[in-house]
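K.L.:
Dropping a structure here in structure tokens format, bear with me for questions.
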Number of protein chains: 2
Amino acid sequence: MAGIPIRFGIIGCADIARKVSRAIQLAPNATVSAVASRSFDKAANFAKANGFPPDTKIYGSYESLLDDPDIDAVYLPLPTSLHLKWAVLTAQKKKHLLTEKPVALSVAEFDQILKACEENGVQIMDGTMWVHNPRTHKMKQFLNDKEQFGQLRTVNTLLGSAHFKRCEEEFGKQLLHIFADPDFLKNDIRVKPDLDALGALGDAGWYGIRSILWAADYELPKTVTAFRNPVLNDAGVLLECGASLLWADGKIATFHCSFLSNLTMNLTAIGTLGTLHLTDFIIPYQEHEASYTTSAKPGFNELVTGWVQLPSEHTVTVDLPQEACMVREFASLVANVKKNGAQPDKKWPTISRKTQLVLDAVKASMEKDFQPVEIVG
Amino acid sequence: MAGIPIRFGIIGCADIARKVSRAIQLAPNATVSAVASRSFDKAANFAKANGFPPDTKIYGSYESLLDDPDIDAVYLPLPTSLHLKWAVLTAQKKKHLLTEKPVALSVAEFDQILKACEENGVQIMDGTMWVHNPRTHKMKQFLNDKEQFGQLRTVNTLLGSAHFKRCEEEFGKQLLHIFADPDFLKNDIRVKPDLDALGALGDAGWYGIRSILWAADYELPKTVTAFRNPVLNDAGVLLECGASLLWADGKIATFHCSFLSNLTMNLTAIGTLGTLHLTDFIIPYQEHEASYTTSAKPGFNELVTGWVQLPSEHTVTVDLPQEACMVREFASLVANVKKNGAQPDKKWPTISRKTQLVLDAVKASMEKDFQPVEIVG
């Protein structure tokens with residue numbers, strides 16, 4: 001596999017593309033080869049501002065990038081409403097696809113994208129980064145430990161304010177600052193129905209749902225019931241919502257996501273014997289190490305005035321940032337197709353599709369007066 | 001107020017009475033004066049085992065303790081089903097009442113107890129300890145800080161396994177050990193319908209509901225909707241359940257409580273600007289200090305690969321264990337009635353009643369196919 005890296009073309013100069021293009025440069029098996037915007041100058045400025053290699057090709061249209069035979073894979077950070085068109089075209093041009101999440105506005109759209117990828121033999125993966133963090137693998141080992149964790153019973157995620165805003169006045173260019181900002185709610189693309197119509201559900205909610213599925217070994221719930229508190233803006237975009245998910249064996253999970261509340265990324269999974277807990281699961285507090293807490297078979301002292309077996313904190317060293325781990329994994333699958341003639345991997349698109357299925361069910365439950373919606377895998 | 005302490009009589013020798021009788025002895029304004037069991041020997045042994053003062057009176061019936069003119073207040077740790085009878089009798093005998101939670105099986109029962117207390121001019125308080133911990137007051141200051149926390153948007157509590165079992169074989173008498181034990185589910189009084197018919201809802205659920213009300217400044221929600229996952233044992237007692245609570249201003253809270261999952265006591269309150277979080281809110285990990293985490297206006301670094309403004313942990317020194325703080329508060333209110341002729345305080349019974357109202361609504365929602373139930377204060 002070592003040798004020539006997978007050559008990425010980036011379609012669109014979204015903020016998130018700054019982070020992912022850096023990740024492509026950090027991943028040992030990938031390189032940024034081209035960037036496209038609808039404006040040549042915008043693409044050129046983006047390449048310069050983000051320190052792309054001098055030989056990076058600059059395109060003033062997405063189509064021209066897709067026609068470049070020297071591009072192996074496309075990273076697609078466009079707003080969700082544009083995914084269907086550009087993802088399908090990417091596949092038809094035989095480019096492998098790393099796409100931002102949510103992959104699509106619905107499972108129906110998702111399936112069109114998937115079909116195009118399958119017909120053209122290209123790999124698809126969504127841009128959920130945290131699952132690729134080495135911390136995530138360590139946490140999963142704990143959840144799989146029947147002696148320490150037992151059987152999974154409950155998962156809960158609380159997600160506040162995935163929206164963010166530069167506060168250049170306040171902090172300078174070093175920081176992004178996050179808070180419930182009335183301007184954001186009107187102007188950010190994530191709350192415009194023609195761009196990211198799923199709002200908080202597609203943004204933070206995607207992570208909440210994915211984390212629940214992750215904890216449940218990607219077993220789909222039987223039913224999904226939306227909470228009765230969705231908050232929508234004037235354009236009908238979700239700013240806040242949540243749901244409960246039930247499995248046939250009695251497991252329950254709940255998530256709540258909001259653009260209206262403080263940045264919060266809590267994940268708790270409770271088993272019969274143990275509890276996993278962390279408060280930064282989507283983006284770790286720090287890039288190069290990440291922590292989580294486990295509690296296994298705790299109890300109380302004699303008079304029940306304190307605990308025995310206190311929870312313990314575990315810290316995992318992260319040599320490669322989680323987004324670069326994601327790119328490395330994707331590029332490795334692409335290389336396997338490209339160099340070894342392997343079939344594209346099915347694990348990641350299967351997980352993406354399940355996430356999208358649950359997301360659809362949350363919306364369907366809202367439309368059906370918050371009644372439970374059965375999930376049909 | 002200093003001077004003669006409030007004289008407590010303890011009715012029933014439940015496990016929890018060991019902790020609370022120690023608290024009565026620790027509180028500067030209270031003393032254990034008598035203990036009653038249906039068996040004289042059991043009461044005598046309990047007094048001895050728990051180091052009660054040598055002049056503690058021992059009674060072989062609850063009635064005889066209630067007839068003792070030298071008792072000011074009764075601590076009632078009997079199973080919930082017995083509260084109505086003994087709480088009303090306590091009030092009629094002009095004894096002030098510190099009762100274990102849940103106060104009653106329903107608001108209807110609660111109101112009978114409250115009426116008896118009011119008619120007889122005695123103080124009533126329920127035995128929820130954590131609200132009296134100095135940590136709780138500090139946390140409330142954070143929630144009240146409009147600059148750091150903003151407006152409350154979401155509260156979530158996750159409560160695992162309030163049941164516990166001595167594991168003498170495994171740990172000796174030093175420890176209580178907690179896990180999902182089939183024997184417990186059949187034999188513990190908290191899961192017997194004739195004793196503690198509310199099961200996990202009355203036990204852990206009471207704390208979850210109280211913590212939500214506490215965070216919401218005891219404003220009642222508009223509606224309560226039970227989750228569709230209640231687990232009941234063969235006798236119809238709740239082993240696991242949860243609900244969402246909605247307020248008119250869009251706030252949402254969720255709680256989940258279970259006898260089937262690992263000991264977990266998570267409380268998270270999310271405001272527009274800040275987040276409060278702790279994982280031991282009912283019983284702090286340690287008796288003499290207690291911690292919690294606050295996060296205020298956090299954000300991301302330039303590339304959104306890490307956070308700025310990390311959450312900070314705060315530790316509060318607890319000079320008097322929280323259960324002794326509770327006794328001190330109760331005894332102080334009793335002293336105010338007894339020595340100053342004041343009216344009994346209404347704050348605590350009002351809070352207890354609201355907790356019971358929500359608890360009733362959770363049950364009602366379950367009975368109405370998990371539809372929302374309006375709360376009428």
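So you can find residues: chains in the structure tokens are A, B, ... in the order shown, residues in each start at 1, and ligands are numbered from 1 in order.
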Would you kindly return, as a list in words, each protein, DNA or RNA residue with an atom no farther than 12 Å from any atom of A:Phe142, considering only C-alpha atoms and excluding same-chain residues fewer than 5 positions away?
P.N.:
Arg135, Thr136, His137, Glu147, Gln148, Phe149, Gly150, Gln151, Leu152, Ala215, Ala269, Ile270, Gly271, Leu273, Gly274, Thr275, Leu276, His277, Tyr292, Thr293, Thr294, Ser295, Ala296 and His314 of chain A
K.L.:
Could you write those residues out with N, CA and C atoms, as a PDB file, in the first residue's frame?
P.N.:
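Below you can see part10.pdb, which holds the result:
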ATOM      1  N   ARG A 135      -9.282   6.770  20.596  1.00  0.00           N
ATOM      2  CA  ARG A 135     -10.080   6.709  21.823  1.00  0.00           C
ATOM      3  C   ARG A 135     -11.349   5.890  21.618  1.00  0.00           C
ATOM      4  N   THR A 136     -11.963   6.066  20.457  1.00  0.00           N
ATOM      5  CA  THR A 136     -13.227   5.379  20.190  1.00  0.00           C
ATOM      6  C   THR A 136     -13.035   3.852  20.235  1.00  0.00           C
ATOM      7  N   HIS A 137     -11.908   3.396  19.713  1.00  0.00           N
ATOM      8  CA  HIS A 137     -11.653   1.950  19.729  1.00  0.00           C
ATOM      9  C   HIS A 137     -11.457   1.447  21.163  1.00  0.00           C
ATOM     10  N   GLU A 147     -17.437  -8.626  31.440  1.00  0.00           N
ATOM     11  CA  GLU A 147     -17.145  -8.683  32.874  1.00  0.00           C
ATOM     12  C   GLU A 147     -17.193  -7.299  33.526  1.00  0.00           C
ATOM     13  N   GLN A 148     -16.881  -6.279  32.746  1.00  0.00           N
ATOM     14  CA  GLN A 148     -16.790  -4.934  33.311  1.00  0.00           C
ATOM     15  C   GLN A 148     -18.006  -4.076  32.962  1.00  0.00           C
ATOM     16  N   PHE A 149     -18.533  -4.282  31.785  1.00  0.00           N
ATOM     17  CA  PHE A 149     -19.643  -3.441  31.325  1.00  0.00           C
ATOM     18  C   PHE A 149     -20.968  -4.191  31.328  1.00  0.00           C
ATOM     19  N   GLY A 150     -20.914  -5.478  31.112  1.00  0.00           N
ATOM     20  CA  GLY A 150     -22.152  -6.270  31.061  1.00  0.00           C
ATOM     21  C   GLY A 150     -22.895  -6.029  29.760  1.00  0.00           C
ATOM     22  N   GLN A 151     -24.206  -6.037  29.859  1.00  0.00           N
ATOM     23  CA  GLN A 151     -25.059  -5.811  28.687  1.00  0.00           C
ATOM     24  C   GLN A 151     -25.462  -4.347  28.610  1.00  0.00           C
ATOM     25  N   LEU A 152     -25.424  -3.810  27.405  1.00  0.00           N
ATOM     26  CA  LEU A 152     -25.842  -2.411  27.213  1.00  0.00           C
ATOM     27  C   LEU A 152     -27.331  -2.267  27.535  1.00  0.00           C
ATOM     28  N   ALA A 215     -22.666   2.508  19.967  1.00  0.00           N
ATOM     29  CA  ALA A 215     -22.708   1.814  21.265  1.00  0.00           C
ATOM     30  C   ALA A 215     -23.513   0.516  21.169  1.00  0.00           C
ATOM     31  N   ALA A 269     -23.053   5.717  28.095  1.00  0.00           N
ATOM     32  CA  ALA A 269     -23.599   4.382  27.801  1.00  0.00           C
ATOM     33  C   ALA A 269     -23.580   3.596  29.096  1.00  0.00           C
ATOM     34  N   ILE A 270     -24.733   3.076  29.473  1.00  0.00           N
ATOM     35  CA  ILE A 270     -24.850   2.371  30.752  1.00  0.00           C
ATOM     36  C   ILE A 270     -25.169   0.907  30.490  1.00  0.00           C
ATOM     37  N   GLY A 271     -24.342   0.042  31.042  1.00  0.00           N
ATOM     38  CA  GLY A 271     -24.591  -1.393  30.956  1.00  0.00           C
ATOM     39  C   GLY A 271     -25.094  -1.930  32.273  1.00  0.00           C
ATOM     40  N   LEU A 273     -23.413  -3.651  34.268  1.00  0.00           N
ATOM     41  CA  LEU A 273     -22.325  -3.631  35.246  1.00  0.00           C
ATOM     42  C   LEU A 273     -21.461  -2.377  35.197  1.00  0.00           C
ATOM     43  N   GLY A 274     -21.477  -1.695  34.087  1.00  0.00           N
ATOM     44  CA  GLY A 274     -20.540  -0.582  33.940  1.00  0.00           C
ATOM     45  C   GLY A 274     -21.157   0.615  33.241  1.00  0.00           C
ATOM     46  N   THR A 275     -20.435   1.745  33.309  1.00  0.00           N
ATOM     47  CA  THR A 275     -20.884   2.973  32.650  1.00  0.00           C
ATOM     48  C   THR A 275     -19.696   3.605  31.929  1.00  0.00           C
ATOM     49  N   LEU A 276     -19.942   4.008  30.710  1.00  0.00           N
ATOM     50  CA  LEU A 276     -18.954   4.759  29.929  1.00  0.00           C
ATOM     51  C   LEU A 276     -19.447   6.189  29.826  1.00  0.00           C
ATOM     52  N   HIS A 277     -18.539   7.137  29.969  1.00  0.00           N
ATOM     53  CA  HIS A 277     -18.982   8.524  29.971  1.00  0.00           C
ATOM     54  C   HIS A 277     -17.883   9.445  29.445  1.00  0.00           C
ATOM     55  N   TYR A 292     -11.658   9.537  28.504  1.00  0.00           N
ATOM     56  CA  TYR A 292     -13.016   9.076  28.769  1.00  0.00           C
ATOM     57  C   TYR A 292     -13.009   8.437  30.149  1.00  0.00           C
ATOM     58  N   THR A 293     -14.186   8.238  30.676  1.00  0.00           N
ATOM     59  CA  THR A 293     -14.315   7.710  32.034  1.00  0.00           C
ATOM     60  C   THR A 293     -15.076   6.396  32.001  1.00  0.00           C
ATOM     61  N   THR A 294     -14.576   5.441  32.746  1.00  0.00           N
ATOM     62  CA  THR A 294     -15.326   4.195  32.896  1.00  0.00           C
ATOM     63  C   THR A 294     -15.592   3.952  34.368  1.00  0.00           C
ATOM     64  N   SER A 295     -16.712   3.315  34.598  1.00  0.00           N
ATOM     65  CA  SER A 295     -17.071   2.916  35.953  1.00  0.00           C
ATOM     66  C   SER A 295     -17.517   1.468  35.849  1.00  0.00           C
ATOM     67  N   ALA A 296     -16.988   0.614  36.695  1.00  0.00           N
ATOM     68  CA  ALA A 296     -17.330  -0.806  36.621  1.00  0.00           C
ATOM     69  C   ALA A 296     -17.660  -1.335  38.008  1.00  0.00           C
ATOM     70  N   HIS A 314      -9.429   7.518  31.641  1.00  0.00           N
ATOM     71  CA  HIS A 314      -8.427   6.931  30.756  1.00  0.00           C
ATOM     72  C   HIS A 314      -8.069   7.965  29.691  1.00  0.00           C
TER      73      HIS A 314
END
K.L.:
Please report as CSV every residue of chain B lying within 7 Å of chain A, along with the nearest atom pair and their distance in Å (one decimal), using only C-alpha atoms.
P.N.:
residue,atom,partner,partner_atom,distance
B:Arg18,CA,A:Leu303,CA,6.9
B:Lys19,CA,A:Leu303,CA,5.5
B:Arg153,CA,A:Ser261,CA,6.4
B:Gln174,CA,A:Glu302,CA,5.3
B:Leu175,CA,A:Asn301,CA,4.9
B:Leu176,CA,A:Phe300,CA,5.2
B:His177,CA,A:Gly299,CA,4.5
B:Ile178,CA,A:Gly299,CA,5.1
B:Phe179,CA,A:Leu273,CA,6.3
B:Ala180,CA,A:Thr272,CA,6.3
B:Asn229,CA,A:Gly250,CA,6.6
B:Gly250,CA,A:Asn229,CA,6.6
B:Ile252,CA,A:Asn229,CA,6.9
B:Leu260,CA,A:Thr272,CA,6.1
B:Ser261,CA,A:Thr272,CA,4.1
B:Asn262,CA,A:Leu273,CA,4.8
B:Leu263,CA,A:Pro298,CA,6.5
B:Ile270,CA,A:Asn262,CA,6.4
B:Gly271,CA,A:Ser261,CA,5.5
B:Thr272,CA,A:Ser261,CA,4.1
B:Leu273,CA,A:Asn262,CA,4.8
B:Gly274,CA,A:Asn262,CA,5.3
B:Thr275,CA,A:Asn262,CA,6.5
B:Ile283,CA,A:Gly306,CA,6.4
B:Pro284,CA,A:Gly306,CA,5.9
B:Tyr285,CA,A:Gly306,CA,4.8
B:Gln286,CA,A:Gly306,CA,4.7
B:Glu287,CA,A:Gly306,CA,5.6
B:Lys297,CA,A:Phe179,CA,6.7
B:Pro298,CA,A:Leu263,CA,6.5
B:Gly299,CA,A:His177,CA,4.4
B:Phe300,CA,A:Leu176,CA,5.2
B:Asn301,CA,A:Leu175,CA,4.8
B:Glu302,CA,A:Leu175,CA,5.0
B:Leu303,CA,A:Lys19,CA,5.5
B:Thr305,CA,A:Glu287,CA,5.8
B:Gly306,CA,A:Gln286,CA,4.7
B:Trp307,CA,A:Tyr285,CA,4.9
K.L.:
Atoms to include: N, CA, C and O atoms. Write the selected residues as a compact mmCIF listing (two decimals), in the first residue's frame.
P.N.:
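Saved the output as again_22.txt:
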# COMPACT_ATOMS: atom_id res chain seq x y z
N ARG B 18 -29.98 3.82 59.41
CA ARG B 18 -28.63 3.83 59.99
C ARG B 18 -27.91 5.12 59.59
O ARG B 18 -27.26 5.78 60.40
N LYS B 19 -28.06 5.47 58.33
CA LYS B 19 -27.40 6.68 57.83
C LYS B 19 -28.03 7.94 58.43
O LYS B 19 -27.32 8.86 58.84
N ARG B 153 -32.03 25.53 29.12
CA ARG B 153 -32.68 24.96 27.93
C ARG B 153 -33.01 23.48 28.11
O ARG B 153 -34.02 23.00 27.62
N GLN B 174 -17.58 -4.24 54.90
CA GLN B 174 -17.19 -2.86 54.60
C GLN B 174 -18.02 -2.27 53.46
O GLN B 174 -18.19 -1.07 53.37
N LEU B 175 -18.49 -3.10 52.60
CA LEU B 175 -19.03 -2.59 51.35
C LEU B 175 -20.45 -3.01 51.09
O LEU B 175 -20.88 -4.08 51.47
N LEU B 176 -21.13 -2.17 50.42
CA LEU B 176 -22.36 -2.58 49.77
C LEU B 176 -22.04 -2.66 48.30
O LEU B 176 -21.30 -1.84 47.78
N HIS B 177 -22.61 -3.58 47.65
CA HIS B 177 -22.27 -3.76 46.26
C HIS B 177 -23.55 -3.71 45.45
O HIS B 177 -24.59 -4.17 45.86
N ILE B 178 -23.44 -3.15 44.31
CA ILE B 178 -24.64 -2.84 43.55
C ILE B 178 -24.58 -3.48 42.18
O ILE B 178 -23.65 -3.28 41.44
N PHE B 179 -25.50 -4.24 41.86
CA PHE B 179 -25.59 -4.73 40.49
C PHE B 179 -26.97 -5.33 40.27
O PHE B 179 -27.76 -5.47 41.19
N ALA B 180 -27.23 -5.64 39.03
CA ALA B 180 -28.54 -6.20 38.69
C ALA B 180 -28.58 -7.65 39.16
O ALA B 180 -28.03 -8.53 38.53
N ASN B 229 -40.54 2.60 27.25
CA ASN B 229 -39.76 1.42 27.63
C ASN B 229 -39.93 0.95 29.05
O ASN B 229 -39.01 0.34 29.58
N GLY B 250 -40.33 26.22 26.11
CA GLY B 250 -39.51 25.39 25.22
C GLY B 250 -38.43 24.59 25.91
O GLY B 250 -37.78 23.76 25.28
N ILE B 252 -36.75 21.62 27.81
CA ILE B 252 -37.07 20.20 27.85
C ILE B 252 -36.15 19.53 28.87
O ILE B 252 -34.98 19.92 29.01
N LEU B 260 -32.02 -1.91 36.64
CA LEU B 260 -31.39 -2.96 35.84
C LEU B 260 -30.02 -2.57 35.33
O LEU B 260 -29.35 -3.37 34.69
N SER B 261 -29.60 -1.35 35.58
CA SER B 261 -28.31 -0.93 35.03
C SER B 261 -27.41 -0.37 36.11
O SER B 261 -27.84 -0.04 37.21
N ASN B 262 -26.16 -0.29 35.74
CA ASN B 262 -25.09 0.04 36.67
C ASN B 262 -25.32 1.38 37.39
O ASN B 262 -25.84 2.33 36.82
N LEU B 263 -24.87 1.43 38.63
CA LEU B 263 -24.95 2.63 39.45
C LEU B 263 -24.46 3.86 38.69
O LEU B 263 -23.28 3.96 38.37
N ILE B 270 -28.12 22.26 30.72
CA ILE B 270 -27.51 23.05 29.65
C ILE B 270 -28.29 24.35 29.46
O ILE B 270 -29.52 24.33 29.29
N GLY B 271 -27.56 25.43 29.52
CA GLY B 271 -28.16 26.73 29.28
C GLY B 271 -27.74 27.26 27.93
O GLY B 271 -27.02 26.60 27.18
N THR B 272 -28.19 28.46 27.62
CA THR B 272 -27.79 29.04 26.34
C THR B 272 -26.29 29.31 26.30
O THR B 272 -25.68 29.27 25.23
N LEU B 273 -25.67 29.55 27.45
CA LEU B 273 -24.25 29.90 27.46
C LEU B 273 -23.37 28.91 28.21
O LEU B 273 -22.16 28.89 28.00
N GLY B 274 -23.95 28.13 29.10
CA GLY B 274 -23.13 27.28 29.94
C GLY B 274 -23.73 25.91 30.16
O GLY B 274 -24.91 25.68 29.84
N THR B 275 -22.90 25.02 30.71
CA THR B 275 -23.34 23.66 31.01
C THR B 275 -22.86 23.28 32.41
O THR B 275 -21.70 23.53 32.76
N ILE B 283 -25.55 10.95 45.73
CA ILE B 283 -24.61 10.63 46.82
C ILE B 283 -23.21 10.94 46.30
O ILE B 283 -22.72 10.27 45.39
N PRO B 284 -22.57 11.97 46.85
CA PRO B 284 -21.24 12.33 46.34
C PRO B 284 -20.25 11.16 46.52
O PRO B 284 -20.38 10.37 47.47
N TYR B 285 -19.29 11.10 45.62
CA TYR B 285 -18.29 10.04 45.71
C TYR B 285 -17.67 9.97 47.10
O TYR B 285 -17.44 8.90 47.65
N GLN B 286 -17.41 11.18 47.66
CA GLN B 286 -16.83 11.24 48.99
C GLN B 286 -17.70 12.11 49.88
O GLN B 286 -18.36 13.02 49.41
N GLU B 287 -17.62 11.80 51.17
CA GLU B 287 -18.51 12.47 52.12
C GLU B 287 -18.08 13.92 52.38
O GLU B 287 -18.92 14.79 52.51
N LYS B 297 -19.44 29.36 27.90
CA LYS B 297 -19.05 29.94 26.62
C LYS B 297 -17.81 29.31 26.01
O LYS B 297 -16.88 30.01 25.62
N PRO B 298 -17.77 28.00 25.94
CA PRO B 298 -16.61 27.37 25.30
C PRO B 298 -16.68 27.59 23.79
O PRO B 298 -17.70 28.01 23.25
N GLY B 299 -15.60 27.30 23.12
CA GLY B 299 -15.57 27.41 21.67
C GLY B 299 -14.50 26.47 21.14
O GLY B 299 -13.99 25.63 21.88
N PHE B 300 -14.19 26.61 19.88
CA PHE B 300 -13.17 25.77 19.25
C PHE B 300 -11.97 26.62 18.85
O PHE B 300 -12.08 27.82 18.65
N ASN B 301 -10.86 25.95 18.68
CA ASN B 301 -9.69 26.64 18.13
C ASN B 301 -9.89 26.88 16.63
O ASN B 301 -10.90 26.47 16.05
N GLU B 302 -8.95 27.55 16.03
CA GLU B 302 -9.05 28.01 14.64
C GLU B 302 -9.53 26.93 13.67
O GLU B 302 -10.44 27.15 12.86
N LEU B 303 -8.98 25.75 13.76
CA LEU B 303 -9.33 24.70 12.80
C LEU B 303 -10.38 23.71 13.35
O LEU B 303 -10.62 22.67 12.75
N THR B 305 -10.17 21.76 15.86
CA THR B 305 -9.56 20.47 16.21
C THR B 305 -9.41 20.33 17.72
O THR B 305 -8.83 19.37 18.20
N GLY B 306 -9.91 21.28 18.45
CA GLY B 306 -9.85 21.23 19.91
C GLY B 306 -10.68 22.36 20.46
O GLY B 306 -11.17 23.21 19.71
N TRP B 307 -10.88 22.35 21.78
CA TRP B 307 -11.74 23.36 22.41
C TRP B 307 -10.89 24.48 23.02
O TRP B 307 -9.75 24.26 23.42
K.L.:
Can you list, as a PyMOL selection string, every residue of stretch 123-317 of chain B that DSSP puts in strand (DSSP E)?
P.N.:
chain B and resi 124-126+152-160+165-166+175-177+223-226+231-232+238-246+252-258+264-271+274-278+289-296+299-301+307-308+312-317
K.L.:
For stretch 56-73 of chain B, please output as a short mmCIF file (atom, residue, chain, number, x, y, z; two decimals) with C-alpha atoms, in the first residue's frame all residues within 9 Å (counting only C-alpha atoms; exclusion window: fewer than 4 positions along the same chain).
P.N.:
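File produced: selection-v4.cif:
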data_model
loop_
_atom_site.label_atom_id
_atom_site.label_comp_id
_atom_site.auth_asym_id
_atom_site.auth_seq_id
_atom_site.Cartn_x
_atom_site.Cartn_y
_atom_site.Cartn_z
CA ILE B 6 -34.73 18.75 68.67
CA ARG B 7 -35.49 15.25 69.95
CA PHE B 8 -36.03 12.66 67.22
CA GLY B 9 -37.88 9.41 67.37
CA ILE B 10 -37.13 6.90 64.64
CA ILE B 11 -39.97 4.70 63.46
CA GLY B 12 -38.66 1.58 61.80
CA VAL B 32 -31.80 10.70 68.77
CA SER B 33 -34.19 10.23 71.67
CA ALA B 34 -36.09 7.07 70.78
CA VAL B 35 -36.32 4.26 68.30
CA ALA B 36 -39.30 2.02 67.62
CA SER B 37 -39.71 -1.26 65.84
CA ARG B 38 -42.56 -3.72 65.83
CA SER B 39 -40.11 -5.84 67.83
CA PHE B 40 -38.55 -4.43 71.01
CA ASP B 41 -35.44 -6.52 70.51
CA LYS B 42 -34.96 -5.33 66.99
CA ALA B 43 -35.19 -1.72 68.14
CA ALA B 44 -32.78 -2.37 71.00
CA ALA B 47 -29.88 1.35 68.91
CA PHE B 52 -27.28 5.66 70.00
CA TRP B 86 -47.94 6.60 59.99
CA LEU B 89 -50.71 9.60 62.88
CA THR B 90 -47.37 11.33 63.50
CA LYS B 93 -49.68 13.24 67.69
CA LYS B 94 -48.18 16.73 67.07
CA LYS B 95 -44.82 15.38 66.06
CA HIS B 96 -42.94 17.08 63.24
CA LEU B 97 -42.23 14.76 60.33
CA LEU B 98 -39.06 13.99 58.40
CA VAL B 122 -46.22 20.42 62.34
CA GLN B 123 -43.35 20.72 59.92
CA ALA B 331 -34.51 20.72 63.06
CA VAL B 334 -38.94 22.65 63.89
CA LYS B 338 -41.55 24.98 68.76
#
K.L.:
Closest to B:Ile351 among B:Asp217, B:Asp369, B:Asp194, B:Glu313, using only C-alpha atoms?
P.N.:
B:Asp217
K.L.:
Could you state the separation of atom CA of A:Pro79 and atom CA of A:Leu201 in Å, given to one decimal place?
P.N.:
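Spanning atom CA of A:Pro79 to atom CA of A:Leu201 is a straight-line distance of 14.1 Å.
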